[in-house]
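structure_11.txt (compact mmCIF, N, CA, C and O atoms)
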# COMPACT_ATOMS: atom_id res chain seq x y z
N MET A 967 -9.47 -24.08 -68.78
CA MET A 967 -10.79 -24.43 -68.33
C MET A 967 -11.17 -25.77 -68.96
O MET A 967 -10.92 -26.02 -70.13
N ALA A 968 -11.77 -26.63 -68.19
CA ALA A 968 -12.17 -27.96 -68.68
C ALA A 968 -13.28 -27.82 -69.71
O ALA A 968 -14.10 -26.90 -69.65
N ALA A 969 -13.29 -28.73 -70.66
CA ALA A 969 -14.32 -28.70 -71.70
C ALA A 969 -15.71 -28.82 -71.08
O ALA A 969 -15.95 -29.64 -70.22
N GLY A 970 -16.61 -27.95 -71.52
CA GLY A 970 -17.98 -28.01 -71.03
C GLY A 970 -18.21 -27.35 -69.69
O GLY A 970 -19.33 -27.34 -69.18
N LYS A 971 -17.18 -26.81 -69.07
CA LYS A 971 -17.33 -26.16 -67.76
C LYS A 971 -17.46 -24.66 -67.94
O LYS A 971 -16.80 -24.05 -68.76
N ARG A 972 -18.34 -24.07 -67.14
CA ARG A 972 -18.48 -22.61 -67.15
C ARG A 972 -17.33 -21.98 -66.38
O ARG A 972 -16.74 -22.61 -65.50
N ALA A 973 -17.04 -20.73 -66.70
CA ALA A 973 -15.97 -20.01 -65.99
C ALA A 973 -16.36 -19.75 -64.54
O ALA A 973 -15.52 -19.77 -63.65
N ALA A 974 -17.64 -19.50 -64.31
CA ALA A 974 -18.12 -19.23 -62.94
C ALA A 974 -18.83 -20.46 -62.40
O ALA A 974 -19.51 -21.17 -63.13
N ALA A 975 -18.63 -20.69 -61.13
CA ALA A 975 -19.29 -21.82 -60.47
C ALA A 975 -20.34 -21.30 -59.51
O ALA A 975 -20.31 -20.15 -59.08
N THR A 976 -21.27 -22.16 -59.15
CA THR A 976 -22.25 -21.84 -58.13
C THR A 976 -21.84 -22.57 -56.86
O THR A 976 -21.61 -23.77 -56.89
N VAL A 977 -21.73 -21.82 -55.77
CA VAL A 977 -21.35 -22.41 -54.49
C VAL A 977 -22.49 -22.16 -53.51
O VAL A 977 -23.00 -21.05 -53.42
N ARG A 978 -22.88 -23.20 -52.78
CA ARG A 978 -23.97 -23.10 -51.81
C ARG A 978 -23.40 -23.39 -50.43
O ARG A 978 -22.69 -24.37 -50.23
N PHE A 979 -23.73 -22.55 -49.47
CA PHE A 979 -23.29 -22.71 -48.09
C PHE A 979 -24.50 -22.93 -47.22
O PHE A 979 -25.53 -22.27 -47.39
N GLU A 980 -24.38 -23.84 -46.27
CA GLU A 980 -25.46 -24.11 -45.32
C GLU A 980 -24.82 -24.27 -43.94
O GLU A 980 -23.80 -24.92 -43.80
N ALA A 981 -25.42 -23.66 -42.94
CA ALA A 981 -24.90 -23.77 -41.57
C ALA A 981 -26.02 -24.25 -40.66
O ALA A 981 -27.18 -23.87 -40.82
N SER A 982 -25.65 -25.11 -39.70
CA SER A 982 -26.61 -25.57 -38.71
C SER A 982 -25.86 -25.84 -37.41
O SER A 982 -24.64 -25.94 -37.39
N VAL A 983 -26.62 -25.94 -36.33
CA VAL A 983 -26.04 -26.23 -35.03
C VAL A 983 -26.48 -27.63 -34.63
O VAL A 983 -27.66 -27.95 -34.65
N VAL A 984 -25.51 -28.47 -34.29
CA VAL A 984 -25.77 -29.83 -33.81
C VAL A 984 -25.12 -29.94 -32.44
O VAL A 984 -23.89 -29.94 -32.34
N GLY A 985 -25.94 -30.00 -31.42
CA GLY A 985 -25.40 -30.00 -30.06
C GLY A 985 -24.68 -28.69 -29.81
O GLY A 985 -25.25 -27.62 -29.96
N ARG A 986 -23.40 -28.78 -29.49
CA ARG A 986 -22.59 -27.58 -29.26
C ARG A 986 -21.69 -27.26 -30.45
O ARG A 986 -20.79 -26.45 -30.34
N ARG A 987 -21.92 -27.92 -31.58
CA ARG A 987 -21.06 -27.72 -32.75
C ARG A 987 -21.79 -26.96 -33.86
O ARG A 987 -22.98 -27.16 -34.07
N LEU A 988 -21.05 -26.15 -34.55
CA LEU A 988 -21.55 -25.49 -35.75
C LEU A 988 -21.13 -26.35 -36.93
O LEU A 988 -19.95 -26.68 -37.09
N VAL A 989 -22.08 -26.77 -37.73
CA VAL A 989 -21.81 -27.62 -38.88
C VAL A 989 -21.98 -26.78 -40.14
O VAL A 989 -23.03 -26.17 -40.35
N LEU A 990 -20.94 -26.71 -40.96
CA LEU A 990 -20.98 -25.98 -42.22
C LEU A 990 -20.95 -26.97 -43.36
O LEU A 990 -20.12 -27.87 -43.37
N ARG A 991 -21.83 -26.77 -44.32
CA ARG A 991 -21.87 -27.63 -45.49
C ARG A 991 -21.64 -26.75 -46.71
O ARG A 991 -22.26 -25.70 -46.84
N VAL A 992 -20.73 -27.15 -47.57
CA VAL A 992 -20.41 -26.38 -48.76
C VAL A 992 -20.61 -27.30 -49.97
O VAL A 992 -20.10 -28.41 -49.99
N GLU A 993 -21.37 -26.83 -50.95
CA GLU A 993 -21.60 -27.58 -52.18
C GLU A 993 -21.24 -26.69 -53.35
O GLU A 993 -21.42 -25.48 -53.30
N ASP A 994 -20.76 -27.30 -54.42
CA ASP A 994 -20.56 -26.53 -55.64
C ASP A 994 -20.93 -27.39 -56.84
O ASP A 994 -21.15 -28.58 -56.72
N ASP A 995 -21.01 -26.76 -57.99
CA ASP A 995 -21.38 -27.48 -59.19
C ASP A 995 -20.18 -27.70 -60.10
O ASP A 995 -20.33 -28.06 -61.26
N GLY A 996 -19.00 -27.49 -59.58
CA GLY A 996 -17.78 -27.63 -60.38
C GLY A 996 -17.00 -28.87 -60.01
O GLY A 996 -17.56 -29.91 -59.69
N ARG A 997 -15.70 -28.72 -59.98
CA ARG A 997 -14.82 -29.86 -59.70
C ARG A 997 -14.72 -30.18 -58.23
O ARG A 997 -14.06 -31.11 -57.82
N GLY A 998 -15.36 -29.38 -57.42
CA GLY A 998 -15.34 -29.63 -56.00
C GLY A 998 -14.44 -28.66 -55.28
O GLY A 998 -13.52 -28.10 -55.85
N PRO A 999 -14.71 -28.45 -54.01
CA PRO A 999 -13.89 -27.52 -53.24
C PRO A 999 -12.54 -28.13 -52.90
O PRO A 999 -12.38 -29.34 -52.82
N ASN A 1000 -11.56 -27.29 -52.71
CA ASN A 1000 -10.24 -27.72 -52.28
C ASN A 1000 -10.30 -27.83 -50.76
O ASN A 1000 -10.12 -26.86 -50.04
N ARG A 1001 -10.60 -29.02 -50.26
CA ARG A 1001 -10.82 -29.22 -48.82
C ARG A 1001 -9.59 -28.87 -47.99
O ARG A 1001 -9.70 -28.33 -46.90
N ALA A 1002 -8.41 -29.18 -48.50
CA ALA A 1002 -7.19 -28.86 -47.75
C ALA A 1002 -7.04 -27.35 -47.58
O ALA A 1002 -6.70 -26.88 -46.50
N ALA A 1003 -7.32 -26.59 -48.63
CA ALA A 1003 -7.21 -25.13 -48.55
C ALA A 1003 -8.27 -24.56 -47.62
O ALA A 1003 -7.98 -23.65 -46.83
N ILE A 1004 -9.47 -25.10 -47.68
CA ILE A 1004 -10.55 -24.62 -46.80
C ILE A 1004 -10.17 -24.87 -45.34
O ILE A 1004 -10.30 -23.99 -44.49
N ALA A 1005 -9.69 -26.07 -45.04
CA ALA A 1005 -9.30 -26.40 -43.67
C ALA A 1005 -8.14 -25.53 -43.20
O ALA A 1005 -8.13 -25.04 -42.07
N ARG A 1006 -7.16 -25.30 -44.08
CA ARG A 1006 -6.00 -24.47 -43.72
C ARG A 1006 -6.47 -23.05 -43.37
O ARG A 1006 -6.07 -22.49 -42.35
N HIS A 1007 -7.34 -22.48 -44.17
CA HIS A 1007 -7.84 -21.14 -43.91
C HIS A 1007 -8.68 -21.10 -42.63
O HIS A 1007 -8.62 -20.13 -41.88
N ALA A 1008 -9.46 -22.16 -42.38
CA ALA A 1008 -10.27 -22.22 -41.16
C ALA A 1008 -9.38 -22.23 -39.93
O ALA A 1008 -9.67 -21.55 -38.93
N VAL A 1009 -8.28 -22.98 -39.98
CA VAL A 1009 -7.34 -23.02 -38.85
C VAL A 1009 -6.67 -21.66 -38.69
O VAL A 1009 -6.58 -21.13 -37.58
N GLU A 1010 -6.24 -21.04 -39.80
CA GLU A 1010 -5.58 -19.74 -39.75
C GLU A 1010 -6.49 -18.68 -39.14
O GLU A 1010 -6.02 -17.78 -38.44
N ARG A 1011 -7.78 -18.79 -39.37
CA ARG A 1011 -8.73 -17.79 -38.87
C ARG A 1011 -9.34 -18.18 -37.52
O ARG A 1011 -10.22 -17.50 -37.02
N GLY A 1012 -8.89 -19.29 -36.95
CA GLY A 1012 -9.38 -19.71 -35.64
C GLY A 1012 -10.77 -20.33 -35.67
O GLY A 1012 -11.41 -20.45 -34.63
N LEU A 1013 -11.24 -20.73 -36.85
CA LEU A 1013 -12.56 -21.33 -36.97
C LEU A 1013 -12.54 -22.83 -36.75
O LEU A 1013 -13.58 -23.44 -36.53
N MET A 1014 -11.37 -23.43 -36.84
CA MET A 1014 -11.19 -24.88 -36.64
C MET A 1014 -9.84 -25.07 -35.97
O MET A 1014 -8.87 -24.41 -36.35
N GLY A 1015 -9.80 -25.95 -34.99
CA GLY A 1015 -8.54 -26.25 -34.34
C GLY A 1015 -7.67 -27.16 -35.22
O GLY A 1015 -8.18 -27.90 -36.05
N ALA A 1016 -6.38 -27.09 -35.03
CA ALA A 1016 -5.46 -27.93 -35.81
C ALA A 1016 -5.73 -29.40 -35.56
O ALA A 1016 -5.58 -30.23 -36.46
N ASP A 1017 -6.15 -29.76 -34.33
CA ASP A 1017 -6.45 -31.16 -34.03
C ASP A 1017 -7.66 -31.64 -34.84
O ASP A 1017 -7.67 -32.76 -35.34
N GLU A 1018 -8.66 -30.79 -35.00
CA GLU A 1018 -9.83 -31.14 -35.81
C GLU A 1018 -9.42 -31.32 -37.27
O GLU A 1018 -9.87 -32.23 -37.94
N ARG A 1019 -8.55 -30.45 -37.74
CA ARG A 1019 -8.05 -30.57 -39.13
C ARG A 1019 -7.34 -31.91 -39.33
O ARG A 1019 -7.55 -32.58 -40.33
N ARG A 1020 -6.52 -32.30 -38.37
CA ARG A 1020 -5.81 -33.59 -38.48
C ARG A 1020 -6.79 -34.75 -38.49
O ARG A 1020 -6.64 -35.69 -39.27
N ARG A 1021 -7.81 -34.71 -37.62
CA ARG A 1021 -8.81 -35.79 -37.60
C ARG A 1021 -9.52 -35.90 -38.94
O ARG A 1021 -9.72 -36.99 -39.46
N ARG A 1022 -9.93 -34.77 -39.50
CA ARG A 1022 -10.63 -34.79 -40.79
C ARG A 1022 -9.72 -35.28 -41.90
O ARG A 1022 -10.16 -35.99 -42.79
N ARG A 1023 -8.46 -34.91 -41.86
CA ARG A 1023 -7.50 -35.35 -42.88
C ARG A 1023 -7.34 -36.87 -42.81
O ARG A 1023 -7.13 -37.53 -43.83
N ASN A 1024 -7.46 -37.42 -41.61
CA ASN A 1024 -7.32 -38.87 -41.43
C ASN A 1024 -8.63 -39.63 -41.61
O ASN A 1024 -8.72 -40.80 -41.29
N GLY A 1025 -9.69 -38.94 -42.05
CA GLY A 1025 -10.93 -39.61 -42.36
C GLY A 1025 -11.96 -39.65 -41.25
O GLY A 1025 -13.01 -40.24 -41.39
N CYS A 1026 -11.68 -38.98 -40.12
CA CYS A 1026 -12.64 -38.94 -39.02
C CYS A 1026 -13.36 -37.61 -39.08
O CYS A 1026 -12.73 -36.57 -39.21
N SER A 1027 -14.68 -37.62 -38.93
CA SER A 1027 -15.42 -36.37 -38.98
C SER A 1027 -16.06 -36.02 -37.65
O SER A 1027 -16.86 -35.13 -37.56
N THR A 1028 -15.73 -36.75 -36.60
CA THR A 1028 -16.32 -36.43 -35.29
C THR A 1028 -15.27 -35.93 -34.34
O THR A 1028 -14.12 -36.09 -34.54
Take the structure in this file and express it as structure tokens.
Amino acid sequence: MAAGKRAAATVRFEASVVGRRLVLRVEDDGRGPNRAAIARHAVERGLMGADERRRRRNGCST
């Protein structure tokens, strides 16, 4: 565990609809979420298409 860090983190989730898209926002007070793992799990569960994952990995968010 990093010096000064608590064992438990606080994670905040927010969801909204923009046009025909569901936008999820995740915040935490720790070292940050593992975006690659989140995207991988979203694709595995059918929540995000593989093409969307590739676009986000390449820096595009639309």
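All residues in segment 993-1022 of chain A with a DSSP state of alpha helix (DSSP H), computed from the backbone, read Arg1001, Ala1002, Ala1003, Ile1004, Ala1005, Arg1006, His1007, Ala1008, Val1009, Glu1010, Ala1016, Asp1017, Glu1018, Arg1019, Arg1020, Arg1021 and Arg1022 of chain A.
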>> If I take atom CA of Asp995 of chain A and atom CA of Val983 of chain A, how far is one from the other in Å, to one decimal?
In response: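 Calculated distance between atom CA of Asp995 of chain A and atom CA of Val983 of chain A is 24.6 Å.
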>> Quick check, in Å to one decimal: how far apart do atom C of Ala974 of chain A and atom C of Arg1019 of chain A lie?
In response: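 Spanning atom C of Ala974 of chain A to atom C of Arg1019 of chain A is a straight-line distance of 28.2 Å.
Our summary of the geometry notes that atom C of Met1014 of chain A is positioned 18.6 Å from atom C of Phe979 of chain A.
With only C-alpha atoms as the atoms that count, the minimum distance from Glu993 of chain A to the choices A:Thr976, A:Ala1008, A:Ala981, A:Asp1017 is reached by A:Thr976.
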